[in-house]
Amino acid sequence: MHAALARDVIARCRSLAACSDEPGFTTRTFLSPAMRAAHAELSAWMKTAGMSVSVDAAGNIRGVLTGAMPGARVLVVGSHLDTVPHAGAFDGPLGVVIGVALVEQLQGRTLPFDVEVIGFSEEEGVRFGLPFIGSRALVGELDAALLETRDAAGTSISQAIRDFGLDPSKVKDAPHSRTPLGYLEFHIEQGPVLDTAGTPLAVVDRINGRTAADVTFVGVAGHAGTTPMNARRDAVAAAAVWLRDVEELARRTDGLVATTGQIVVTPGATNVIAERCRISLDVRHGEDEARSTAVEALESRAREIARRRQLSLEWLTRLDQPGTAMDARLVSMLQRAVERSGAPAVTMASGAGHDAMILAPHMPAAMLFLRTPGGVSHHADEHVLEDDVALALAVGGHVLDEIAATLRG
Ligand code: GLV
Ligand code: MN
Ligand code: MN
């Protein structure tokens, strides 16, 4: 049964990948028309699996399978439905679709708890530069100030929610009234560790922290043909020096990764010296202190470069997310389930951020990684092996069984 369901899981992820804001690619941002199309597909699968389906005010799609007893507690299984630009089919949707498959796998068997599958509306931070919009709402952390965050077109999160036909004043109703039994997230590893080791699955025991900042060098615009080189205050030239320093610091610091994935130059013309150069900075490390030290060093280096060149520097920290431990009991339960499935029970830290890190301070949370062939992710070629999905479904089934046995006493 696992093999056939695993094939369906992969086919469904590929079908969701066709719901895109950009024809020919998979790009699905917060509450875009493509997200509505993804909801329609998921909703049909959830309903066929016997779940009642709703969309909360933050745009999270939520399917609930009611357990044997009224008023029972809920186990949440989920991940996100938004994607990076030009994404693959599995980062996020896999965890949602596996959640639905775990319900199908029960074949009508009732559990002494409810199972809620959540497709979070936003995790990647693409549209608003603010990640985890969906999971923040679920734990009551999408407050009025954050709802006013604006995208590049000036639309606020509140307005995007209204445009989708939802009511932002109801975001406060998204959290559960009673603490869930736990949160399980199935996700591709998105790196090469498991593939290199020839290991299909890993239990995640910790998610690394992350700092995200907008770093803007501000100089003076001028004529490209007439301004002598020694009279320029060129924002791009200053940024270029700093960009090299970012890479060098990360290369020589064990465990540090730093990325400058987006650069916006204004006014942005070939014959105008750049006045502003805004760079996105993303820094991660397994140890929060090492991450903070690196970020402080990068900020002081940027200020020094700006000062020497008579520019100014704007530094806006968008995210300072501490590393997060997963719940020890759920981690052990997943390890036992992996062993029962016949795979080695490996644990590892996650280098990528996940909704689980937002939920973890509010409920027991843990994750299962599936090997990512070639470590390729945030890329259209991202994929997952059918046999690994089948194993993950077996693991999920064992976890549901163990929770049921514990509750029945
Ligand atoms: C999420 O995809 C992240 O950037 O870690
Ligand atoms: Mn991602
Ligand atoms: Mn993800």
# chains A, B, ... in the order shown; residues from 1 in each chain; ligands from 1
$ select_by_dssp --residues "stretch 173-342 of chain A" --states "helix (DSSP H, G or I)" --output "ChimeraX atom specification"
/A:173,193-197,229-231,235-252,288-308,328-341
$ closest_atom_pairs --of "stretch 65-178 of chain A" --to "stretch 348-352 of chain A" --cutoff "12 Å" --atoms "only C-alpha atoms" --output "JSON lines"
{"residue": "A:Asp91", "atom": "CA", "partner": "A:Ala352", "partner_atom": "CA", "distance": 10.7}
{"residue": "A:Gly92", "atom": "CA", "partner": "A:Ala352", "partner_atom": "CA", "distance": 11.8}
{"residue": "A:Glu123", "atom": "CA", "partner": "A:Ala352", "partner_atom": "CA", "distance": 11.3}
{"residue": "A:Glu124", "atom": "CA", "partner": "A:Ala352", "partner_atom": "CA", "distance": 10.5}
$ write_last_selection --atoms "all heavy atoms" --output "PDB file, in the first residue's frame"
ATOM      1  N   ASP A  91       9.543  21.084  -1.930  1.00  0.00           N
ATOM      2  CA  ASP A  91       9.853  21.881  -0.736  1.00  0.00           C
ATOM      3  C   ASP A  91       8.552  22.497  -0.224  1.00  0.00           C
ATOM      4  O   ASP A  91       8.078  23.488  -0.779  1.00  0.00           O
ATOM      5  CB  ASP A  91      10.895  22.951  -1.107  1.00  0.00           C
ATOM      6  CG  ASP A  91      11.097  23.996  -0.008  1.00  0.00           C
ATOM      7  OD1 ASP A  91      10.550  23.824   1.095  1.00  0.00           O
ATOM      8  OD2 ASP A  91      11.808  24.989  -0.271  1.00  0.00           O
ATOM      9  N   GLY A  92       7.993  21.909   0.808  1.00  0.00           N
ATOM     10  CA  GLY A  92       6.732  22.387   1.368  1.00  0.00           C
ATOM     11  C   GLY A  92       5.570  21.470   1.017  1.00  0.00           C
ATOM     12  O   GLY A  92       5.095  20.707   1.877  1.00  0.00           O
ATOM     13  N   GLU A 123       5.787  30.539   3.958  1.00  0.00           N
ATOM     14  CA  GLU A 123       6.954  30.216   4.790  1.00  0.00           C
ATOM     15  C   GLU A 123       8.218  30.844   4.242  1.00  0.00           C
ATOM     16  O   GLU A 123       9.160  31.127   4.962  1.00  0.00           O
ATOM     17  CB  GLU A 123       7.110  28.681   4.861  1.00  0.00           C
ATOM     18  CG  GLU A 123       8.250  28.174   5.737  1.00  0.00           C
ATOM     19  CD  GLU A 123       9.495  27.845   4.946  1.00  0.00           C
ATOM     20  OE1 GLU A 123       9.567  28.168   3.741  1.00  0.00           O
ATOM     21  OE2 GLU A 123      10.430  27.295   5.514  1.00  0.00           O
ATOM     22  N   GLU A 124       8.270  31.068   2.931  1.00  0.00           N
ATOM     23  CA  GLU A 124       9.537  31.416   2.271  1.00  0.00           C
ATOM     24  C   GLU A 124       9.933  32.893   2.400  1.00  0.00           C
ATOM     25  O   GLU A 124      11.092  33.241   2.211  1.00  0.00           O
ATOM     26  CB  GLU A 124       9.478  31.051   0.786  1.00  0.00           C
ATOM     27  CG  GLU A 124       9.223  29.577   0.501  1.00  0.00           C
ATOM     28  CD  GLU A 124      10.472  28.709   0.667  1.00  0.00           C
ATOM     29  OE1 GLU A 124      11.491  29.220   1.163  1.00  0.00           O
ATOM     30  OE2 GLU A 124      10.405  27.524   0.324  1.00  0.00           O
TER      31      GLU A 124
END
$ select_by_dssp --residues "stretch 285-390 of chain A" --states "strand (DSSP E)" --output "ChimeraX atom specification"
/A:285,312-321,324-325,347-350,365-370
$ write_last_selection --atoms "C-alpha atoms" --output "PDB file, in the first residue's frame"
ATOM      1  CA  HIS A 285      25.025  28.737  11.812  1.00  0.00           C
ATOM      2  CA  SER A 312      26.002  56.100   4.364  1.00  0.00           C
ATOM      3  CA  LEU A 313      24.738  52.696   5.349  1.00  0.00           C
ATOM      4  CA  GLU A 314      21.227  51.535   6.243  1.00  0.00           C
ATOM      5  CA  TRP A 315      20.982  48.213   8.069  1.00  0.00           C
ATOM      6  CA  LEU A 316      17.513  46.723   8.590  1.00  0.00           C
ATOM      7  CA  THR A 317      17.372  43.409  10.455  1.00  0.00           C
ATOM      8  CA  ARG A 318      14.312  41.575   9.147  1.00  0.00           C
ATOM      9  CA  LEU A 319      14.699  38.321  11.045  1.00  0.00           C
ATOM     10  CA  ASP A 320      16.735  37.127  14.011  1.00  0.00           C
ATOM     11  CA  GLN A 321      15.439  33.610  14.439  1.00  0.00           C
ATOM     12  CA  THR A 324      15.243  25.709  17.841  1.00  0.00           C
ATOM     13  CA  ALA A 325      15.333  22.261  19.453  1.00  0.00           C
ATOM     14  CA  THR A 347      19.278  12.309  13.497  1.00  0.00           C
ATOM     15  CA  MET A 348      20.494  15.600  12.100  1.00  0.00           C
ATOM     16  CA  ALA A 349      20.129  19.360  12.442  1.00  0.00           C
ATOM     17  CA  SER A 350      18.298  21.266   9.731  1.00  0.00           C
ATOM     18  CA  ALA A 365       7.156  19.644  17.279  1.00  0.00           C
ATOM     19  CA  ALA A 366       9.439  17.378  15.276  1.00  0.00           C
ATOM     20  CA  MET A 367      10.386  16.737  11.668  1.00  0.00           C
ATOM     21  CA  LEU A 368      11.312  13.875   9.399  1.00  0.00           C
ATOM     22  CA  PHE A 369      13.668  14.570   6.508  1.00  0.00           C
ATOM     23  CA  LEU A 370      13.588  12.638   3.260  1.00  0.00           C
TER      24      LEU A 370
END
$ residues_near_ligand --ligand "ligand 1" --cutoff "12 Å" --atoms "only C-alpha atoms and all ligand atoms" --output "ChimeraX atom specification"
/A:79-85,87-88,90-92,122-126,129-132,187-191,207-212,257-259,261,281-285,319,321,323,350-357,377-379
$ closest_residue --among "A:Ile157, A:Arg252, A:Glu382, A:Val115" --to "ligand 2" --atoms "only C-alpha atoms and all ligand atoms"
A:Glu382
$ closest_residue --among "A:Pro373, A:Gly71, A:Gly99, A:Gly59" --to "A:Pro112" --atoms "only C-alpha atoms"
A:Gly71
$ residues_around --residues "A:Met35" --least-positions-apart "3" --cutoff "9 Å" --atoms "only C-alpha atoms" --output "PyMOL selection string"
chain A and resi 19-21+28-32+38-40+81-82+121
$ atom_distance --atom1 "atom CA of A:Ala404" --atom2 "atom CA of A:Ala72"
11.6 Å
$ residues_around --residues "A:Leu391" --least-positions-apart "4" --cutoff "8 Å" --atoms "only C-alpha atoms" --output "PyMOL selection string"
chain A and resi 2+341+343+387+395
$ write_last_selection --atoms "C-alpha atoms" --output "CSV table (one decimal), in the first residue's frame"
chain,number,residue,atom,x,y,z
A,2,HIS,CA,2.8,2.4,0.8
A,341,SER,CA,10.3,0.8,9.0
A,343,ALA,CA,15.7,2.3,7.8
A,387,ASP,CA,10.8,4.4,-2.1
A,395,VAL,CA,7.1,6.0,9.6
$ atom_distance --atom1 "atom CA of A:Leu201" --atom2 "atom CA of A:Val399"
14.6 Å
$ residues_around --residues "A:Ala294" --least-positions-apart "3" --cutoff "10 Å" --atoms "only C-alpha atoms" --output "JSON, numbers by chain"
{"A": [246, 249, 250, 253, 256, 257, 258, 283, 284, 285, 288, 289, 290, 291, 297, 298, 299]}
$ closest_residue --among "A:Ser54, A:Thr199, A:Thr226, A:Gln262" --to "A:Leu166" --atoms "only C-alpha atoms"
A:Ser54
$ atom_distance --atom1 "atom CA of A:Leu94" --atom2 "atom CA of A:Phe128"
23.3 Å
$ closest_residue --among "A:Thr27, A:Thr260, A:Ser280, A:Thr66" --to "ligand 2" --atoms "only C-alpha atoms and all ligand atoms"
A:Thr27
$ closest_residue --among "A:Phe217, A:Tyr183, A:Phe25, A:Phe164" --to "A:Thr266" --atoms "only C-alpha atoms"
A:Phe217
$ closest_residue --among "A:Val103, A:Val272, A:Ala89, A:Ser52" --to "ligand 2" --atoms "only C-alpha atoms and all ligand atoms"
A:Ala89
$ decode --residues "stretch 26-37 of chain A" --atoms "N, CA, C and O atoms" --output "PDB file, in the first residue's frame"
ATOM      1  N   THR A  26       7.594  27.028 -11.436  1.00  0.00           N
ATOM      2  CA  THR A  26       6.782  26.921 -10.225  1.00  0.00           C
ATOM      3  C   THR A  26       7.153  28.079  -9.304  1.00  0.00           C
ATOM      4  O   THR A  26       8.249  28.109  -8.729  1.00  0.00           O
ATOM      5  N   THR A  27       6.255  29.046  -9.231  1.00  0.00           N
ATOM      6  CA  THR A  27       6.428  30.197  -8.345  1.00  0.00           C
ATOM      7  C   THR A  27       5.060  30.467  -7.743  1.00  0.00           C
ATOM      8  O   THR A  27       4.117  30.784  -8.471  1.00  0.00           O
ATOM      9  N   ARG A  28       4.931  30.279  -6.439  1.00  0.00           N
ATOM     10  CA  ARG A  28       3.602  30.442  -5.819  1.00  0.00           C
ATOM     11  C   ARG A  28       3.777  31.273  -4.557  1.00  0.00           C
ATOM     12  O   ARG A  28       4.363  30.828  -3.586  1.00  0.00           O
ATOM     13  N   THR A  29       3.287  32.487  -4.597  1.00  0.00           N
ATOM     14  CA  THR A  29       3.508  33.386  -3.465  1.00  0.00           C
ATOM     15  C   THR A  29       2.226  33.530  -2.643  1.00  0.00           C
ATOM     16  O   THR A  29       1.166  33.041  -3.028  1.00  0.00           O
ATOM     17  N   PHE A  30       2.361  34.259  -1.541  1.00  0.00           N
ATOM     18  CA  PHE A  30       1.282  34.386  -0.556  1.00  0.00           C
ATOM     19  C   PHE A  30      -0.043  34.818  -1.198  1.00  0.00           C
ATOM     20  O   PHE A  30      -0.138  35.898  -1.777  1.00  0.00           O
ATOM     21  N   LEU A  31      -1.027  33.958  -1.100  1.00  0.00           N
ATOM     22  CA  LEU A  31      -2.405  34.248  -1.516  1.00  0.00           C
ATOM     23  C   LEU A  31      -2.537  34.771  -2.953  1.00  0.00           C
ATOM     24  O   LEU A  31      -3.381  35.631  -3.244  1.00  0.00           O
ATOM     25  N   SER A  32      -1.708  34.246  -3.839  1.00  0.00           N
ATOM     26  CA  SER A  32      -1.814  34.584  -5.267  1.00  0.00           C
ATOM     27  C   SER A  32      -2.927  33.729  -5.895  1.00  0.00           C
ATOM     28  O   SER A  32      -3.396  32.764  -5.281  1.00  0.00           O
ATOM     29  N   PRO A  33      -3.351  34.045  -7.115  1.00  0.00           N
ATOM     30  CA  PRO A  33      -4.349  33.186  -7.783  1.00  0.00           C
ATOM     31  C   PRO A  33      -3.875  31.731  -7.859  1.00  0.00           C
ATOM     32  O   PRO A  33      -4.676  30.800  -7.753  1.00  0.00           O
ATOM     33  N   ALA A  34      -2.562  31.520  -8.032  1.00  0.00           N
ATOM     34  CA  ALA A  34      -2.052  30.143  -8.088  1.00  0.00           C
ATOM     35  C   ALA A  34      -2.282  29.426  -6.756  1.00  0.00           C
ATOM     36  O   ALA A  34      -2.525  28.213  -6.716  1.00  0.00           O
ATOM     37  N   MET A  35      -2.212  30.172  -5.647  1.00  0.00           N
ATOM     38  CA  MET A  35      -2.464  29.549  -4.338  1.00  0.00           C
ATOM     39  C   MET A  35      -3.923  29.105  -4.248  1.00  0.00           C
ATOM     40  O   MET A  35      -4.233  28.056  -3.686  1.00  0.00           O
ATOM     41  N   ARG A  36      -4.822  29.895  -4.844  1.00  0.00           N
ATOM     42  CA  ARG A  36      -6.235  29.491  -4.828  1.00  0.00           C
ATOM     43  C   ARG A  36      -6.405  28.168  -5.595  1.00  0.00           C
ATOM     44  O   ARG A  36      -7.125  27.269  -5.171  1.00  0.00           O
ATOM     45  N   ALA A  37      -5.686  28.041  -6.715  1.00  0.00           N
ATOM     46  CA  ALA A  37      -5.775  26.809  -7.508  1.00  0.00           C
ATOM     47  C   ALA A  37      -5.212  25.626  -6.709  1.00  0.00           C
ATOM     48  O   ALA A  37      -5.764  24.523  -6.724  1.00  0.00           O
TER      49      ALA A  37
END
